[in-house]
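Novice: The structure file protein.txt (compact mmCIF, C-alpha atoms) is provided below.
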# COMPACT_ATOMS: atom_id res chain seq x y z
CA MET P 1 42.30 66.09 161.93
CA PRO P 2 40.61 68.98 163.79
CA ASP P 3 40.47 68.62 167.55
CA ARG P 4 36.72 68.25 168.10
CA PRO P 5 34.59 66.07 170.41
CA THR P 6 33.61 62.59 169.25
CA LEU P 7 30.15 61.23 170.04
CA ARG P 8 29.19 57.59 169.59
CA LEU P 9 25.84 56.21 168.62
CA LEU P 10 24.20 53.55 170.74
CA PRO P 11 24.27 49.92 169.59
CA GLY P 12 21.41 49.28 167.19
CA ARG P 13 20.72 53.00 166.84
CA ASP P 14 23.02 53.77 163.92
CA ARG P 15 20.90 52.48 161.04
CA ARG P 16 19.55 55.91 160.18
CA ALA P 17 23.01 57.53 160.12
CA ALA P 18 24.51 54.59 158.21
CA ALA P 19 21.83 55.04 155.53
CA GLY P 20 22.89 58.67 155.06
CA HIS P 21 20.25 60.52 157.05
CA PRO P 22 21.46 64.06 157.84
CA TRP P 23 19.96 64.08 161.35
CA VAL P 24 20.92 62.22 164.50
CA PHE P 25 18.34 62.16 167.28
CA SER P 26 19.20 62.52 170.95
CA ASN P 27 18.00 58.99 171.78
CA GLU P 28 20.48 57.58 169.26
CA ILE P 29 23.53 59.08 170.99
CA ALA P 30 25.39 57.79 174.03
CA MET P 31 24.81 60.96 176.07
CA ALA P 32 27.68 60.94 178.55
CA PRO P 33 28.01 63.91 180.93
CA ASP P 34 30.74 65.47 178.77
CA ALA P 35 28.41 65.38 175.76
CA ARG P 36 25.60 67.02 177.70
CA ALA P 37 28.02 69.75 178.78
CA LEU P 38 28.86 70.79 175.21
CA SER P 39 27.68 74.21 174.10
CA PRO P 40 24.79 74.25 171.59
CA GLY P 41 26.17 74.47 168.06
CA THR P 42 29.48 72.73 168.81
CA PRO P 43 30.91 70.85 165.79
CA VAL P 44 31.36 67.17 166.68
CA ARG P 45 32.40 63.92 165.03
CA ILE P 46 29.71 61.26 165.02
CA GLU P 47 30.73 57.59 165.05
CA GLY P 48 28.81 54.35 165.01
CA PRO P 49 29.04 51.95 167.95
CA ASP P 50 31.76 50.15 165.98
CA GLY P 51 33.71 53.35 165.33
CA ALA P 52 32.44 53.80 161.78
CA PRO P 53 32.74 57.53 160.89
CA TYR P 54 29.53 59.38 160.05
CA GLY P 55 30.99 62.82 159.50
CA VAL P 56 31.04 66.18 161.23
CA HIS P 57 27.81 67.59 162.64
CA HIS P 58 26.54 70.62 164.50
CA PHE P 59 25.48 69.35 167.93
CA ASN P 60 22.94 70.61 170.44
CA PRO P 61 22.56 68.53 173.61
CA HIS P 62 19.20 70.12 174.44
CA THR P 63 17.21 69.28 171.31
CA LEU P 64 15.50 66.18 169.92
CA ILE P 65 17.39 66.58 166.63
CA ALA P 66 20.71 66.60 168.42
CA ALA P 67 23.16 66.51 165.51
CA ARG P 68 22.87 67.81 161.93
CA ARG P 69 25.44 66.70 159.39
CA LEU P 70 27.62 69.26 157.63
CA SER P 71 30.02 66.87 155.90
CA ARG P 72 30.57 63.14 155.55
CA ASP P 73 34.27 63.80 156.14
CA PRO P 74 34.89 63.80 159.92
CA ALA P 75 38.11 65.76 159.33
CA GLU P 76 36.43 68.57 157.37
CA LEU P 77 37.70 71.98 158.41
CA LEU P 78 34.77 74.33 159.07
CA ASP P 79 36.74 77.39 158.14
CA ASP P 80 35.92 80.29 155.81
CA ALA P 81 36.93 78.18 152.81
CA PHE P 82 34.31 75.56 153.74
CA TRP P 83 31.45 78.06 153.96
CA THR P 84 32.50 79.84 150.79
CA ALA P 85 32.76 76.58 148.83
CA ARG P 86 29.41 75.25 150.07
CA ILE P 87 27.53 78.48 149.31
CA ALA P 88 29.34 78.79 145.97
CA GLU P 89 27.99 75.38 145.01
CA CYS P 90 24.47 76.58 145.79
CA LEU P 91 25.07 79.79 143.84
CA ALA P 92 26.27 77.88 140.77
CA LEU P 93 23.11 75.75 140.74
CA ARG P 94 20.79 78.76 141.07
CA THR P 95 22.65 80.56 138.31
CA ARG P 96 21.92 77.58 136.06
CA LEU P 97 18.26 77.58 137.07
CA PHE P 98 17.40 81.29 136.83
CA ALA P 99 18.24 84.17 134.52
CA THR P 100 17.95 86.84 137.22
CA PRO P 101 19.41 86.86 140.77
CA HIS P 102 16.09 86.37 142.56
CA TYR P 103 15.83 82.98 144.27
CA ARG P 104 16.34 80.94 147.41
CA LEU P 105 20.10 80.68 147.51
CA THR P 106 20.37 77.96 150.19
CA HIS P 107 17.64 75.61 151.36
CA ALA P 108 19.01 74.17 154.60
CA GLU P 109 19.56 70.39 154.74
CA ALA P 110 18.81 69.83 151.05
CA ASP P 111 21.77 72.09 150.22
CA GLY P 112 24.07 70.59 152.83
CA LEU P 113 23.63 73.58 155.14
CA PRO P 114 21.29 72.34 157.88
CA GLY P 115 19.25 75.12 159.45
CA LEU P 116 20.44 77.85 157.07
CA VAL P 117 18.09 79.65 154.66
CA LEU P 118 19.38 82.41 152.39
CA ASP P 119 17.08 84.27 150.00
CA ARG P 120 18.53 86.56 147.32
CA TYR P 121 16.88 89.67 145.92
CA GLY P 122 19.63 90.92 143.64
CA ASP P 123 22.03 92.76 145.94
CA LEU P 124 19.92 92.12 149.07
CA ILE P 125 20.22 88.87 151.04
CA THR P 126 18.00 87.62 153.84
CA LEU P 127 19.52 85.15 156.26
CA GLN P 128 17.68 82.78 158.57
CA ALA P 129 19.81 80.75 160.99
CA ASN P 130 17.44 78.22 162.57
CA THR P 131 20.00 76.25 164.58
CA ALA P 132 22.58 77.09 167.21
CA GLY P 133 25.30 75.87 164.86
CA MET P 134 24.26 78.22 162.08
CA GLU P 135 23.88 81.07 164.56
CA ALA P 136 27.49 80.56 165.60
CA ALA P 137 28.60 80.30 161.96
CA THR P 138 26.85 83.51 160.87
CA PRO P 139 30.00 85.69 160.84
CA ALA P 140 31.73 83.18 158.53
CA ILE P 141 28.60 82.97 156.35
CA LEU P 142 28.59 86.77 156.01
CA ARG P 143 32.23 86.71 154.92
CA ALA P 144 31.41 84.03 152.35
CA LEU P 145 28.54 86.12 150.98
CA GLU P 146 30.80 89.15 150.71
CA THR P 147 33.30 87.10 148.72
CA LEU P 148 30.71 85.56 146.40
CA VAL P 149 28.06 88.23 145.76
CA ALA P 150 29.12 91.38 147.68
CA PRO P 151 25.58 92.16 148.85
CA ARG P 152 24.48 95.73 149.43
CA ALA P 153 22.56 94.60 152.53
CA VAL P 154 22.00 91.45 154.58
CA VAL P 155 18.93 91.12 156.82
CA ALA P 156 18.68 88.46 159.52
CA ARG P 157 15.10 87.15 159.76
CA ASN P 158 15.84 85.09 162.82
CA ASP P 159 12.27 85.19 164.10
CA SER P 160 11.23 81.66 163.20
CA SER P 161 9.56 79.78 166.06
CA VAL P 162 11.88 76.80 165.54
CA ARG P 163 14.73 78.85 167.00
CA ALA P 164 13.13 78.55 170.43
CA LEU P 165 13.72 74.77 170.26
CA GLU P 166 17.43 75.53 169.86
CA GLY P 167 17.46 77.94 172.79
CA LEU P 168 17.83 80.95 170.51
CA PRO P 169 16.04 84.31 170.69
CA GLU P 170 13.70 85.45 167.94
CA THR P 171 15.00 88.60 166.26
CA ALA P 172 14.92 90.48 162.97
CA THR P 173 17.79 92.84 162.32
CA LEU P 174 19.98 94.42 159.66
CA LEU P 175 23.35 92.67 159.73
CA HIS P 176 25.05 94.54 156.90
CA GLY P 177 24.36 97.71 154.93
CA THR P 178 21.92 100.55 155.60
CA ASP P 179 18.86 99.94 153.40
CA PRO P 180 16.94 96.72 154.13
CA THR P 181 14.51 97.01 151.20
CA GLY P 182 14.77 95.42 147.79
CA ARG P 183 12.91 94.21 144.72
CA VAL P 184 12.13 90.92 143.08
CA GLU P 185 11.26 90.47 139.40
CA GLU P 186 8.85 87.70 138.53
CA GLY P 187 6.37 87.12 135.75
CA GLY P 188 7.06 90.52 134.24
CA VAL P 189 6.16 92.29 137.50
CA THR P 190 8.58 94.10 139.80
CA PHE P 191 7.58 93.62 143.46
CA ALA P 192 8.90 95.64 146.40
CA VAL P 193 10.37 93.46 149.15
CA ASP P 194 10.51 94.43 152.82
CA PRO P 195 12.38 91.62 154.60
CA LEU P 196 12.33 93.40 157.97
CA GLY P 197 8.62 94.23 158.01
CA GLY P 198 7.13 91.59 155.71
CA GLN P 199 6.25 87.95 156.27
CA LYS P 200 8.89 85.23 156.50
CA THR P 201 12.00 86.35 154.59
CA GLY P 202 10.12 88.92 152.50
CA TRP P 203 8.91 86.86 149.52
CA PHE P 204 7.64 83.34 148.84
CA PHE P 205 9.97 82.07 146.15
CA ASP P 206 8.60 78.55 146.58
CA GLN P 207 5.40 79.39 144.66
CA ARG P 208 7.22 80.81 141.62
CA GLU P 209 6.26 78.02 139.18
CA ASN P 210 2.72 77.78 140.53
CA ARG P 211 2.24 81.53 140.07
CA ALA P 212 3.44 81.23 136.47
CA ARG P 213 1.00 78.37 135.79
CA VAL P 214 -1.95 80.27 137.27
CA ALA P 215 -1.02 83.42 135.32
CA ASN P 216 -0.99 81.44 132.09
CA LEU P 217 -4.48 80.11 132.85
CA ALA P 218 -5.83 83.54 133.83
CA ARG P 219 -5.66 85.34 130.48
CA GLY P 220 -9.03 86.99 129.81
CA GLU P 221 -10.48 85.70 133.10
CA THR P 222 -11.64 87.21 136.37
CA VAL P 223 -9.39 86.17 139.26
CA LEU P 224 -9.84 85.95 143.03
CA ASP P 225 -6.51 85.74 144.88
CA ALA P 226 -7.36 84.74 148.47
CA PHE P 227 -4.68 85.05 151.18
CA CYS P 228 -2.99 87.24 148.57
CA HIS P 229 -0.32 88.78 150.87
CA THR P 230 1.44 91.22 148.51
CA GLY P 231 -0.33 89.91 145.40
CA GLY P 232 2.15 87.44 143.95
CA PHE P 233 -0.50 85.34 142.21
CA GLY P 234 -3.02 88.04 141.38
CA LEU P 235 -0.66 90.69 140.00
CA GLN P 236 1.11 88.23 137.75
CA ALA P 237 -2.32 87.10 136.51
CA ALA P 238 -3.14 90.75 135.76
CA LYS P 239 0.15 91.14 133.89
CA SER P 240 -0.66 88.01 131.90
CA GLY P 241 -3.95 89.52 130.73
CA ALA P 242 -6.57 88.71 133.34
CA ARG P 243 -9.68 90.84 132.82
CA HIS P 244 -10.06 91.70 136.51
CA VAL P 245 -8.27 90.63 139.68
CA THR P 246 -9.58 90.78 143.26
CA LEU P 247 -6.89 90.66 145.95
CA LEU P 248 -8.23 89.33 149.26
CA ASP P 249 -6.28 89.56 152.51
CA ARG P 250 -6.92 90.53 156.13
CA SER P 251 -3.81 92.73 156.32
CA ASP P 252 -4.13 96.41 155.42
CA HIS P 253 -0.34 96.61 155.09
CA ALA P 254 -0.19 93.66 152.67
CA LEU P 255 -3.00 95.04 150.52
CA ALA P 256 -1.46 98.53 150.48
CA THR P 257 1.84 97.03 149.36
CA ALA P 258 0.10 94.98 146.67
CA MET P 259 -1.78 97.99 145.32
CA GLU P 260 1.37 100.11 145.26
CA THR P 261 3.00 97.32 143.23
CA ALA P 262 -0.02 97.31 140.91
CA ARG P 263 0.27 101.06 140.40
CA SER P 264 4.01 101.02 139.81
CA ASN P 265 3.58 98.30 137.19
CA GLY P 266 0.60 99.95 135.49
CA LEU P 267 -1.82 97.22 136.58
CA ASP P 268 -4.07 99.10 139.02
CA GLY P 269 -6.86 99.55 136.46
CA ALA P 270 -7.48 95.79 136.51
CA VAL P 271 -6.92 95.16 140.23
CA GLU P 272 -9.25 95.61 143.22
CA PRO P 273 -8.31 95.12 146.91
CA MET P 274 -10.72 93.42 149.30
CA ARG P 275 -9.94 93.35 153.02
CA GLY P 276 -11.32 90.58 155.20
CA ASP P 277 -10.84 87.18 156.77
CA ALA P 278 -10.44 84.84 153.81
CA LEU P 279 -12.76 82.03 154.89
CA GLU P 280 -15.47 84.39 156.07
CA THR P 281 -15.22 86.42 152.87
CA LEU P 282 -15.30 83.34 150.65
CA ALA P 283 -18.47 82.21 152.41
CA ARG P 284 -20.03 85.64 151.95
CA LEU P 285 -19.12 85.76 148.27
CA ARG P 286 -20.60 82.29 147.84
CA ASP P 287 -23.86 83.43 149.43
CA GLN P 288 -23.86 86.36 147.00
CA ALA P 289 -23.56 83.87 144.10
CA ARG P 290 -20.29 85.49 142.94
CA SER P 291 -18.07 83.54 140.55
CA PHE P 292 -14.58 83.88 139.09
CA GLY P 293 -12.76 82.23 136.21
CA VAL P 294 -9.76 81.52 138.47
CA VAL P 295 -9.68 81.20 142.27
CA VAL P 296 -6.41 80.98 144.21
CA ALA P 297 -6.41 79.81 147.84
CA ASP P 298 -2.90 79.88 149.32
CA PRO P 299 -3.33 79.99 153.12
CA PRO P 300 -0.67 80.09 155.83
CA ALA P 301 0.23 76.81 157.51
CA TYR P 302 -2.80 75.29 159.25
CA ALA P 303 -0.74 72.59 161.01
CA LYS P 304 2.11 74.04 163.07
CA ALA P 305 2.62 70.69 164.84
CA ARG P 306 1.62 67.07 164.37
CA LYS P 307 -1.20 67.42 166.88
CA ASP P 308 -2.78 70.05 164.61
CA ILE P 309 -3.26 67.68 161.66
CA PRO P 310 -6.94 66.75 162.25
CA ALA P 311 -7.99 70.40 162.65
CA ALA P 312 -5.86 71.38 159.65
CA LEU P 313 -7.51 68.80 157.40
CA ARG P 314 -10.93 70.07 158.43
CA ALA P 315 -9.83 73.61 157.60
CA TYR P 316 -8.49 72.59 154.18
CA GLU P 317 -11.74 70.77 153.40
CA ARG P 318 -13.77 73.82 154.31
CA LEU P 319 -11.47 76.12 152.33
CA ALA P 320 -11.70 73.87 149.26
CA ARG P 321 -15.49 73.72 149.55
CA PHE P 322 -15.89 77.50 149.77
CA ALA P 323 -13.32 78.22 147.05
CA ALA P 324 -14.74 75.63 144.64
CA SER P 325 -18.20 77.14 145.00
CA LEU P 326 -16.82 80.42 143.60
CA VAL P 327 -15.23 78.95 140.46
CA ALA P 328 -17.25 79.52 137.31
CA PRO P 329 -18.06 76.42 135.22
CA GLY P 330 -14.95 75.53 133.28
CA GLY P 331 -12.80 77.60 135.61
CA ILE P 332 -9.63 76.94 137.58
CA LEU P 333 -8.99 76.40 141.29
CA PHE P 334 -5.45 76.50 142.63
CA ILE P 335 -5.13 75.54 146.29
CA ALA P 336 -1.98 75.00 148.32
CA SER P 337 -0.69 73.86 151.70
CA CYS P 338 2.65 74.80 153.22
CA SER P 339 2.09 72.58 156.30
CA HIS P 340 4.82 69.94 156.16
CA HIS P 341 2.98 67.90 158.80
CA VAL P 342 0.12 67.31 156.32
CA ALA P 343 1.00 64.49 153.93
CA PRO P 344 0.53 65.14 150.19
CA GLY P 345 -1.99 62.32 149.80
CA ASP P 346 -4.05 63.47 152.77
CA PHE P 347 -4.06 67.03 151.44
CA ALA P 348 -5.21 65.96 147.97
CA ASP P 349 -7.92 63.68 149.36
CA THR P 350 -9.18 66.43 151.65
CA VAL P 351 -9.27 69.08 148.91
CA LEU P 352 -11.11 66.77 146.52
CA ALA P 353 -13.61 65.91 149.26
CA GLY P 354 -14.27 69.63 149.72
CA VAL P 355 -14.74 70.08 145.96
CA ARG P 356 -17.25 67.22 145.92
CA ARG P 357 -19.13 68.76 148.83
CA ALA P 358 -19.41 71.91 146.74
CA ARG P 359 -21.11 69.67 144.14
CA ARG P 360 -18.38 70.25 141.58
CA ASP P 361 -16.56 67.79 139.34
CA ALA P 362 -12.82 68.24 138.93
CA ARG P 363 -9.97 67.38 136.63
CA ILE P 364 -6.52 67.47 138.22
CA LEU P 365 -4.29 69.49 135.90
CA ALA P 366 -1.19 69.55 138.08
CA ILE P 367 0.07 68.25 141.41
CA THR P 368 3.02 70.43 142.32
CA GLY P 369 5.43 71.47 145.04
CA ALA P 370 8.05 74.14 145.50
CA GLY P 371 10.34 75.36 142.74
CA PRO P 372 13.82 73.94 142.09
CA ASP P 373 15.52 76.51 144.31
CA HIS P 374 13.81 74.64 147.18
CA PRO P 375 15.35 71.20 146.60
CA ILE P 376 14.12 68.17 148.51
CA HIS P 377 16.48 66.05 150.58
CA PRO P 378 15.82 62.41 149.56
CA MET P 379 15.74 61.26 153.17
CA LEU P 380 13.76 64.18 154.57
CA PRO P 381 10.11 64.13 153.47
CA GLU P 382 9.73 67.21 155.68
CA SER P 383 11.63 69.20 153.04
CA ALA P 384 8.80 68.52 150.55
CA TYR P 385 6.54 70.77 152.58
CA LEU P 386 4.68 72.66 149.83
CA LYS P 387 1.76 70.96 148.09
CA GLY P 388 -0.31 72.51 145.32
CA LEU P 389 -3.29 71.30 143.29
CA THR P 390 -4.43 72.94 140.06
CA LEU P 391 -7.97 71.82 139.25
CA HIS P 392 -10.31 72.37 136.32
CA LEU P 393 -13.87 72.46 137.65
CA THR P 394 -17.06 71.76 135.73
Translate this file's structure into structure tokens.
Specialist:
Amino acid sequence: MPDRPTLRLLPGRDRRAAAGHPWVFSNEIAMAPDARALSPGTPVRIEGPDGAPYGVHHFNPHTLIAARRLSRDPAELLDDAFWTARIAECLALRTRLFATPHYRLTHAEADGLPGLVLDRYGDLITLQANTAGMEAATPAILRALETLVAPRAVVARNDSSVRALEGLPETATLLHGTDPTGRVEEGGVTFAVDPLGGQKTGWFFDQRENRARVANLARGETVLDAFCHTGGFGLQAAKSGARHVTLLDRSDHALATAMETARSNGLDGAVEPMRGDALETLARLRDQARSFGVVVADPPAYAKARKDIPAALRAYERLARFAASLVAPGGILFIASCSHHVAPGDFADTVLAGVRRARRDARILAITGAGPDHPIHPMLPESAYLKGLTLHLT
């Protein structure tokens, strides 16, 4: 058995770990001075108060989520073979799910790799290590990627705000290779990806199935893609046969990237950029009595923390009200939330309240989440962060 520290849970505080939860909180651990002195990211064995083994975890004595399980086997060797085998398992599943190598390769806890996100764009990989343990394991993860997929380039998008909770700096850097750009193919459109300069890890794979559904409903219609970023929804709608697509975003860079994609895919004749704050622009278009056959509203997270929930729900209600007012009779509204703090039921209730305030009646066509390359851990409702509603409005 590897020589690693053993931490015990407090009496009566082991029910969560015994049930298979992948996290152990700091108030569940007997925090002796030697435990508090461990370096963030240290692999430790976790035991119940009776000595029952709960596996090997990455440990950080300074965080609320103090231990994150890597394996149920407390004797698991965390060597190169471990990382290669775990990522290979993720790769095998994605290969079954998708015909092309464009997907989220690992989705943190749900893939047994807590804190690690890998996105794949063919021969380009983006890596996000959100915990001290995954930061320390990055060299081994890079060796595993070289063995499994031999990437041309690997970009670290370690600029997530959650890293500050782990005592880690926020950085974005090229870890391997010389060219950090790539492409993703989706819905018949080839999109340029800039993982160093773009948002998040360069592309939002989680909306893949929702984009396909909207594109299917957009044939022959006019489309407004609000918060469009680089045009994932709108350009696939254009490719599917939408009559005209308006891409709305406040970022000149995002709109320029979207229009370059439109041109390179021969779609620019049906696509128009519109720069502006989304909510303000939706209100202005409403006052102008504009209407569209399909309206997409996919905003950034409105609730960054639990305390933000009331304000976020008010924002979603307002967004739904403005967006619904722009949908032509018989048209489609797709609206989403990526705020994991907002519960699915609360989001749906709030959106439907906004639609009613716009004096529209709705049929719910689909209640959706992220695609299958973003699996959900059964004991972590937080991993079901994305919520989408597709509505038919009359």
Novice: Report, in Å to a single decimal, how far apart atom CA of P:Trp83 and atom CA of P:Ile141 are.
Specialist: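 Between atom CA of P:Ile141 and atom CA of P:Trp83 the gap works out to 6.2 Å.
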Novice: Between P:Ala256, P:Ala18, P:Val56, P:Ala215, which is the closest to P:Ala192 once you count all atoms listed in the file?
Specialist: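 Ranked by minimum distance to P:Ala192, first place goes to P:Ala256.
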Novice: Taking only C-alpha atoms into account, which of P:Ser26, P:Ala35, P:Tyr302, P:Gly187 comes nearest P:Thr6?
Specialist: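 Residue with the minimum atom-to-atom distance to P:Thr6: P:Ala35.
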Novice: Do a neighbour search on P:Pro139 at 12 Å with all atoms listed in the file, toss out local chain neighbours closer than 2 positions, and write the hits as a count of residues only.
Specialist: 21
Novice: Please measure the separation of atom CA of P:Ser383 and atom CA of P:Val24, giving the value in Å to one decimal.
Specialist: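 Straight-line distance from atom CA of P:Ser383 to atom CA of P:Val24 works out to 16.3 Å.
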Novice: If we count only C-alpha atoms and set the cut-off at 10 Å, which residues sit around P:Leu38, ignoring sequence neighbours fewer than 2 positions away in its own chain? Please answer as a list in words.
Specialist: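 Neighbouring residues, sequence-local ones excluded: Pro5, Pro33, Asp34, Ala35, Arg36, Pro40, Gly41, Thr42, Pro43, Val44, Phe59, Asn60, Pro61 and His62 of chain P.
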Novice: Kindly give the distance, in Å, that separates atom CA of P:Arg284 and atom CA of P:Ala324, rounded to a single decimal.
Specialist: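 Separating atom CA of P:Arg284 from atom CA of P:Ala324 is a distance of 13.5 Å.
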Novice: Find the residues near P:Asn158: any atom within 9 Å, counting all atoms listed in the file, skip ones fewer than 2 places away on the same chain, and give them as a list in words.
Specialist: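 Neighbouring residues, sequence-local ones excluded: Leu127, Gln128, Ala129, Asn130, Ala156, Ser160, Ser161, Arg163, Leu168, Pro169, Glu170, Thr171, Ala172 and Thr173 of chain P.
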